[in-house]
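> Just so it is clear, I am handing over target_3.txt, which has compact mmCIF, C-alpha atoms.
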# COMPACT_ATOMS: atom_id res chain seq x y z
CA MET R 1 -76.68 -10.20 28.43
CA ARG R 2 -74.89 -9.10 25.24
CA TYR R 3 -75.88 -5.48 24.81
CA ILE R 4 -76.26 -4.19 21.26
CA GLU R 5 -73.56 -1.55 21.69
CA THR R 6 -70.99 -4.31 22.41
CA LEU R 7 -71.69 -6.43 19.31
CA ARG R 8 -68.80 -6.86 16.88
CA GLU R 9 -68.63 -8.10 13.29
CA GLY R 10 -68.20 -11.86 12.94
CA GLU R 11 -69.59 -12.80 16.36
CA THR R 12 -72.28 -15.45 16.76
CA ILE R 13 -74.84 -14.65 19.44
CA ARG R 14 -77.85 -16.20 21.16
CA GLU R 15 -79.65 -13.39 22.94
CA VAL R 16 -83.02 -11.85 23.75
CA TYR R 17 -83.94 -8.43 22.35
CA LEU R 18 -87.09 -6.34 22.09
CA CYS R 19 -88.55 -6.48 18.59
CA LYS R 20 -89.53 -2.90 17.79
CA GLN R 21 -90.54 -3.49 14.16
CA ALA R 22 -90.97 -6.46 11.84
CA GLN R 23 -92.08 -6.67 8.24
CA VAL R 24 -91.94 -9.19 5.42
CA LEU R 25 -90.31 -7.82 2.27
CA LYS R 26 -89.35 -9.20 -1.13
CA SER R 27 -85.76 -9.45 -2.37
CA LYS R 28 -84.60 -8.46 -5.84
CA VAL R 29 -84.95 -12.07 -6.94
CA GLY R 30 -88.52 -12.26 -5.63
CA LYS R 31 -87.88 -14.22 -2.44
CA ASN R 32 -89.62 -13.20 0.78
CA TYR R 33 -87.47 -12.23 3.78
CA MET R 34 -88.13 -10.49 7.09
CA SER R 35 -86.59 -7.20 8.21
CA LEU R 36 -86.52 -6.45 11.96
CA THR R 37 -85.49 -3.64 14.26
CA LEU R 38 -84.21 -5.02 17.56
CA GLN R 39 -83.57 -2.95 20.68
CA ASP R 40 -82.07 -3.02 24.13
CA LYS R 41 -81.27 -0.16 26.49
CA THR R 42 -77.99 0.57 24.67
CA GLY R 43 -79.40 1.01 21.17
CA ARG R 44 -80.97 -0.61 18.14
CA VAL R 45 -79.77 -2.95 15.41
CA ASP R 46 -81.29 -4.09 12.13
CA GLY R 47 -81.91 -7.80 11.69
CA LYS R 48 -82.60 -9.85 8.58
CA ILE R 49 -84.18 -13.30 8.33
CA TRP R 50 -83.35 -14.55 4.86
CA ASP R 51 -84.82 -18.04 5.33
CA LEU R 52 -88.43 -17.95 6.58
CA GLY R 53 -88.44 -21.67 7.33
CA PRO R 54 -88.92 -23.80 10.45
CA GLY R 55 -86.45 -21.73 12.46
CA VAL R 56 -88.85 -18.79 12.53
CA GLY R 57 -91.33 -19.05 15.38
CA HIS R 58 -94.42 -16.88 15.82
CA PHE R 59 -93.87 -13.42 17.30
CA GLU R 60 -95.24 -9.90 16.94
CA PRO R 61 -93.71 -6.42 17.06
CA LEU R 62 -93.08 -5.34 20.69
CA ASP R 63 -92.49 -8.98 21.71
CA TYR R 64 -89.25 -9.99 23.35
CA VAL R 65 -87.56 -12.45 20.99
CA LYS R 66 -84.67 -14.87 21.34
CA VAL R 67 -82.43 -14.88 18.29
CA ASP R 68 -79.60 -17.06 17.05
CA ALA R 69 -77.66 -14.78 14.74
CA GLN R 70 -74.34 -13.72 13.28
CA VAL R 71 -73.20 -10.11 13.47
CA THR R 72 -72.43 -8.67 10.04
CA VAL R 73 -71.83 -5.13 8.79
CA PHE R 74 -73.89 -3.39 6.12
CA ASN R 75 -73.45 0.26 5.14
CA SER R 76 -70.98 0.72 8.02
CA ALA R 77 -73.55 -0.40 10.62
CA ASN R 78 -73.97 -3.67 12.47
CA GLN R 79 -76.69 -6.00 11.23
CA LEU R 80 -77.85 -9.36 12.51
CA ASN R 81 -78.13 -12.28 10.09
CA ILE R 82 -80.76 -14.25 12.01
CA ARG R 83 -80.81 -18.02 11.64
CA SER R 84 -83.57 -18.76 14.15
CA ILE R 85 -85.98 -16.68 16.21
CA ARG R 86 -88.81 -17.26 18.67
CA ARG R 87 -90.82 -15.36 21.22
CA ALA R 88 -88.91 -15.26 24.50
CA GLU R 89 -90.42 -16.92 27.56
CA PRO R 90 -91.05 -15.10 30.85
CA GLY R 91 -87.93 -15.40 32.96
CA GLU R 92 -85.59 -15.25 29.96
CA TYR R 93 -85.30 -11.47 30.13
CA ASP R 94 -85.40 -8.48 32.46
CA VAL R 95 -87.48 -5.61 31.07
CA ALA R 96 -85.01 -3.09 32.53
CA ASP R 97 -82.36 -4.31 30.05
CA TYR R 98 -84.41 -3.20 27.06
CA MET R 99 -85.49 0.34 27.83
CA PRO R 100 -82.90 3.09 27.43
CA CYS R 101 -83.04 5.05 30.67
CA THR R 102 -81.74 8.31 32.09
CA ASN R 103 -78.58 7.96 34.16
CA LYS R 104 -79.94 10.55 36.60
CA ASP R 105 -82.16 9.94 39.62
CA ILE R 106 -85.80 10.31 38.50
CA SER R 107 -87.14 10.99 42.00
CA GLU R 108 -84.56 13.70 42.64
CA MET R 109 -85.28 15.36 39.29
CA TYR R 110 -89.02 15.42 39.91
CA ALA R 111 -88.49 16.80 43.41
CA GLU R 112 -86.40 19.63 41.93
CA LEU R 113 -89.13 20.37 39.40
CA LEU R 114 -91.66 20.61 42.25
CA LYS R 115 -89.36 23.08 44.03
CA PHE R 116 -89.42 25.28 40.92
CA ILE R 117 -93.22 25.11 41.01
CA GLU R 118 -93.20 26.11 44.67
CA SER R 119 -91.10 29.17 43.77
CA VAL R 120 -93.72 30.47 41.30
CA LYS R 121 -95.48 33.41 42.97
CA GLU R 122 -98.36 34.13 40.54
CA PRO R 123 -101.26 32.14 42.08
CA HIS R 124 -103.02 31.18 38.86
CA LEU R 125 -99.83 29.86 37.28
CA LYS R 126 -98.95 27.87 40.41
CA GLN R 127 -102.45 26.39 40.53
CA LEU R 128 -102.19 25.48 36.86
CA LEU R 129 -98.81 23.79 37.38
CA LEU R 130 -100.11 21.80 40.35
CA SER R 131 -103.17 20.71 38.37
CA PHE R 132 -100.68 18.75 36.24
CA PHE R 133 -97.52 18.01 38.21
CA GLY R 134 -99.32 17.64 41.56
CA GLN R 135 -101.47 14.75 40.29
CA GLU R 136 -100.12 11.24 40.82
CA ALA R 137 -101.38 9.77 37.53
CA PHE R 138 -99.78 12.59 35.54
CA ALA R 139 -96.57 12.43 37.58
CA LYS R 140 -96.23 8.69 36.98
CA GLN R 141 -96.45 9.09 33.20
CA PHE R 142 -94.33 12.25 33.03
CA ARG R 143 -91.51 10.76 35.12
CA THR R 144 -90.98 7.81 32.77
CA HIS R 145 -91.85 9.26 29.35
CA SER R 146 -89.33 10.03 26.63
CA ALA R 147 -88.85 13.45 25.05
CA ALA R 148 -88.40 12.08 21.52
CA ARG R 149 -88.19 8.92 19.48
CA THR R 150 -84.53 9.24 18.55
CA VAL R 151 -83.05 12.76 18.27
CA HIS R 152 -82.51 13.65 21.93
CA HIS R 153 -83.66 12.40 25.35
CA GLY R 154 -85.34 9.39 23.71
CA PHE R 155 -85.23 7.26 26.85
CA VAL R 156 -87.13 6.49 30.06
CA GLY R 157 -87.06 9.71 32.08
CA GLY R 158 -86.02 11.73 29.04
CA LEU R 159 -88.99 14.09 29.11
CA LEU R 160 -88.40 14.87 32.78
CA GLU R 161 -84.64 15.31 32.30
CA HIS R 162 -85.14 17.63 29.32
CA THR R 163 -87.92 19.64 31.00
CA LEU R 164 -85.80 20.13 34.10
CA GLY R 165 -82.80 21.12 31.99
CA VAL R 166 -84.81 23.75 30.13
CA THR R 167 -86.33 25.03 33.39
CA ARG R 168 -82.88 25.41 34.96
CA ILE R 169 -81.66 27.41 31.96
CA CYS R 170 -84.76 29.60 32.03
CA ASN R 171 -84.29 30.21 35.75
CA TYR R 172 -80.73 31.39 35.04
CA LEU R 173 -81.95 33.65 32.24
CA ALA R 174 -84.65 35.17 34.46
CA ARG R 175 -82.06 35.98 37.13
CA ASN R 176 -79.83 37.75 34.62
CA TYR R 177 -82.34 39.52 32.36
CA PRO R 178 -84.88 41.66 34.26
CA VAL R 179 -86.94 42.04 31.09
CA LEU R 180 -88.16 38.48 31.65
CA ASN R 181 -91.25 37.59 33.71
CA ARG R 182 -89.81 34.70 35.74
CA ASP R 183 -93.14 33.14 36.70
CA LEU R 184 -94.35 33.10 33.10
CA LEU R 185 -91.03 31.82 31.75
CA LEU R 186 -90.63 28.99 34.26
CA THR R 187 -94.24 27.91 33.83
CA ALA R 188 -93.79 27.86 30.05
CA ALA R 189 -90.56 25.88 30.45
CA MET R 190 -92.27 23.20 32.53
CA PHE R 191 -95.17 22.97 30.07
CA HIS R 192 -93.33 23.42 26.77
CA ASP R 193 -93.16 19.68 25.91
CA VAL R 194 -96.15 18.42 27.88
CA GLY R 195 -97.79 17.55 24.55
CA LYS R 196 -95.18 14.79 24.13
CA LEU R 197 -97.34 12.71 26.48
CA ARG R 198 -99.93 12.55 23.69
CA GLU R 199 -97.58 12.79 20.72
CA ILE R 200 -95.44 9.78 21.64
CA SER R 201 -96.68 6.49 23.08
CA ASP R 202 -95.33 5.00 26.29
CA PHE R 203 -92.48 2.49 26.36
CA PRO R 204 -91.82 -0.06 25.03
CA GLU R 205 -93.47 1.30 21.87
CA ASN R 206 -92.19 4.90 22.12
CA ASP R 207 -93.55 5.84 18.71
CA TYR R 208 -95.77 8.54 17.23
CA THR R 209 -99.46 8.22 18.04
CA ASP R 210 -102.23 9.18 15.61
CA ASP R 211 -102.51 12.56 17.35
CA GLY R 212 -98.75 12.89 17.23
CA ASN R 213 -98.68 12.39 13.47
CA LEU R 214 -101.77 14.50 12.79
CA LEU R 215 -101.34 17.35 15.27
CA GLY R 216 -97.89 17.33 16.89
CA HIS R 217 -96.82 18.04 20.45
CA ILE R 218 -96.81 21.84 20.15
CA PHE R 219 -100.52 22.07 19.34
CA LEU R 220 -101.35 19.23 21.72
CA GLY R 221 -99.49 20.91 24.58
CA ALA R 222 -101.20 24.24 24.05
CA GLU R 223 -104.54 22.43 23.92
CA MET R 224 -103.87 20.49 27.14
CA VAL R 225 -102.80 23.62 29.02
CA GLY R 226 -105.76 25.59 27.65
CA ALA R 227 -108.21 22.95 28.88
CA HIS R 228 -106.81 23.19 32.42
CA ILE R 229 -106.79 26.98 32.32
CA ARG R 230 -110.52 26.96 31.63
CA GLU R 231 -111.06 25.01 34.86
CA ILE R 232 -109.35 27.68 37.02
CA PRO R 233 -111.74 30.51 38.04
CA GLY R 234 -110.49 34.00 37.29
CA PHE R 235 -107.43 32.96 35.29
CA PRO R 236 -106.31 36.20 33.57
CA GLN R 237 -107.04 36.00 29.84
CA LYS R 238 -103.94 37.95 28.84
CA LEU R 239 -101.69 35.69 30.93
CA ALA R 240 -103.37 32.61 29.45
CA SER R 241 -102.64 33.86 25.92
CA GLU R 242 -99.04 34.71 26.78
CA LEU R 243 -98.41 31.24 28.23
CA ARG R 244 -99.94 29.45 25.28
CA HIS R 245 -97.97 31.69 22.91
CA CYS R 246 -94.73 30.58 24.59
CA ILE R 247 -95.70 26.94 24.02
CA LEU R 248 -96.74 27.56 20.40
CA ALA R 249 -93.51 29.46 19.63
CA HIS R 250 -90.96 27.28 21.40
CA HIS R 251 -89.52 25.83 18.17
CA ARG R 252 -88.95 29.46 17.08
CA LYS R 253 -89.54 29.11 13.32
CA PRO R 254 -92.32 27.66 11.12
CA GLU R 255 -89.80 25.42 9.35
CA PHE R 256 -88.94 23.91 12.76
CA GLY R 257 -92.61 23.21 13.50
CA SER R 258 -93.71 26.35 15.38
CA PRO R 259 -97.07 27.79 14.30
CA LYS R 260 -95.93 31.13 15.77
CA VAL R 261 -92.56 32.86 16.00
CA PRO R 262 -91.64 34.33 19.40
CA ALA R 263 -93.35 37.67 20.02
CA LEU R 264 -92.53 37.87 23.73
CA ALA R 265 -89.14 37.97 25.41
CA GLU R 266 -90.17 34.91 27.43
CA ALA R 267 -91.07 32.99 24.27
CA MET R 268 -87.66 33.76 22.76
CA ALA R 269 -85.85 32.80 25.97
CA LEU R 270 -87.77 29.52 26.11
CA ALA R 271 -87.04 28.70 22.48
CA MET R 272 -83.33 29.30 22.96
CA ALA R 273 -83.22 27.30 26.21
CA ASP R 274 -85.07 24.39 24.59
CA ASP R 275 -82.71 24.37 21.62
CA LEU R 276 -79.62 24.59 23.83
CA ASP R 277 -80.61 21.68 26.07
CA ALA R 278 -81.57 19.54 23.07
CA LYS R 279 -78.33 20.29 21.20
CA MET R 280 -76.11 19.59 24.22
CA GLU R 281 -77.85 16.25 24.72
CA GLN R 282 -77.31 15.39 21.06
CA PHE R 283 -73.57 16.03 21.47
CA THR R 284 -73.59 13.99 24.69
CA GLU R 285 -75.25 11.01 23.04
CA LEU R 286 -72.92 11.14 20.03
CA PHE R 287 -69.80 11.12 22.20
CA ARG R 288 -71.09 8.50 24.66
CA THR R 289 -70.95 5.51 22.30
CA PRO R 290 -68.15 3.03 23.12
CA GLU R 291 -66.84 3.14 19.53
CA TYR R 292 -66.26 6.90 19.57
CA ASP R 293 -62.52 7.66 19.44
CA GLY R 294 -62.59 11.46 19.61
CA GLY R 295 -62.39 12.00 15.84
CA TRP R 296 -64.70 13.64 13.34
CA LEU R 297 -68.16 12.06 13.14
CA GLY R 298 -69.22 13.44 9.77
CA PHE R 299 -72.10 15.78 8.98
CA GLN R 300 -74.90 15.59 11.55
CA ARG R 301 -78.18 16.82 10.07
CA THR R 302 -79.76 18.02 13.30
CA LEU R 303 -76.58 19.86 14.32
CA GLU R 304 -75.99 21.15 10.78
CA SER R 305 -72.25 20.47 10.98
CA ASN R 306 -69.47 17.90 10.89
CA VAL R 307 -68.67 17.48 14.59
CA ARG R 308 -66.10 16.03 16.95
CA GLN R 309 -65.33 16.23 20.64
CA SER R 310 -62.92 18.86 21.90
CA THR R 311 -59.49 17.83 23.19
CA ARG R 312 -59.80 16.19 26.60
CA PRO R 313 -57.40 17.15 29.42
CA GLU R 314 -54.84 14.46 30.14
CA LYS R 315 -55.50 12.60 33.39
Can I see the file as structure tokens?

Amino acid sequence: MRYIETLREGETIREVYLCKQAQVLKSKVGKNYMSLTLQDKTGRVDGKIWDLGPGVGHFEPLDYVKVDAQVTVFNSANQLNIRSIRRAEPGEYDVADYMPCTNKDISEMYAELLKFIESVKEPHLKQLLLSFFGQEAFAKQFRTHSAARTVHHGFVGGLLEHTLGVTRICNYLARNYPVLNRDLLLTAAMFHDVGKLREISDFPENDYTDDGNLLGHIFLGAEMVGAHIREIPGFPQKLASELRHCILAHHRKPEFGSPKVPALAEAMALAMADDLDAKMEQFTELFRTPEYDGGWLGFQRTLESNVRQSTRPEK
């Protein structure tokens, strides 16, 4: 298997990749060509089919395709000049090679999340948490879902890894700042991105759904939690509003997608914890690529800065 991250300019390859997107376009001289986005677990690469002749077999987006191509470079990024392509046959690929996946143990992470739930003392909040995380169908989807399409934690297990990371930070904050209601904060942390299950489709698609485009995960999450709250007898109305406020405010500012700005200490703590975990993962993913040599990477829009890795200790 030649993973996308290992491809180098000038190489000729025959390999199977997941076709994420495919569309027929027209060149400046009026000739039709096909533009593809191909993926494996190490990344994505653009592909171009300039000759739509006999070498192009039938395939659809989200098919696994076998390509005969040359690696070129366009705008400082690898691109595949595809000479022939067909739908791959069963047995020619292993699905695990095409889904980016957390490098942490999914079962251990979920078990740790359940321990945090067990530590919640407020009975209504614990019942609410178990009505989600204690259900096998929900657990199966949550354990393997991504937290984003591309920006951070956009891999199998990403939503779980990010949720656990935010919960750990919030647990630390609750221990150090008595102003915080720990049960409320940890519950909000575990629910803050639950709307991603409806905003983003499952793998291998991992793309925005209709509800994701129209409503977004913040509203969807608050709606999902609200529906479960209504099924729990005697759930305190004030506590229900405070929890949903934390979800609605966890992006902190309207320009970042939050319909509300934090009005509770717990909402502010959650927003900061969410941002910290996301930003640290963005740095991690930038520095993890094999090509990275420790130098400046240029301006990164989501980090709002030109960035590089700090000096590493000599081994």
> Using all atoms listed in the file, determine which residues lie at most 10 Å from region 100-107 of chain R, disregarding the query and same-chain residues fewer than 5 positions distant; provide the list as a VMD selection string.
chain R and resid 39 to 43 112 to 113 143 to 146 153 to 161 203 to 204
> Could you state the separation of CA of Gln135 (chain R) and CA of Arg168 (chain R) in Å, given to one decimal place?
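CA of Arg168 (chain R) lies at a distance of 22.1 Å from CA of Gln135 (chain R).
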> Counting all atoms listed in the file, which residue out of R:Arg230, R:Lys279, R:His192, R:Arg149 sits closest to Arg244 (chain R)?
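Checking each candidate against Arg244 (chain R), we get R:His192 as the closest.
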> Figure out the distance between CA of Leu215 (chain R) and CA of His124 (chain R), please, to one decimal in Å.
27.4 Å
> Could you check how far CA of Met268 (chain R) sits from CA of Gln141 (chain R), in Å to one decimal?
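Rounded to one decimal, the two atoms are 28.2 Å apart.
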> Counting all atoms listed in the file, which of R:Ile247, R:Met190, R:Leu239, R:Val179 gets nearest to Ala265 (chain R)?
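When distances to Ala265 (chain R) are compared using all atoms listed in the file, the smallest one comes from R:Val179.
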> Using all atoms listed in the file, can you tell me which of R:Gly55, R:Gly134, R:Gly47, R:Gly30 comes closest to Ala77 (chain R)?
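Under the stated criterion, the closest residue is R:Gly47.
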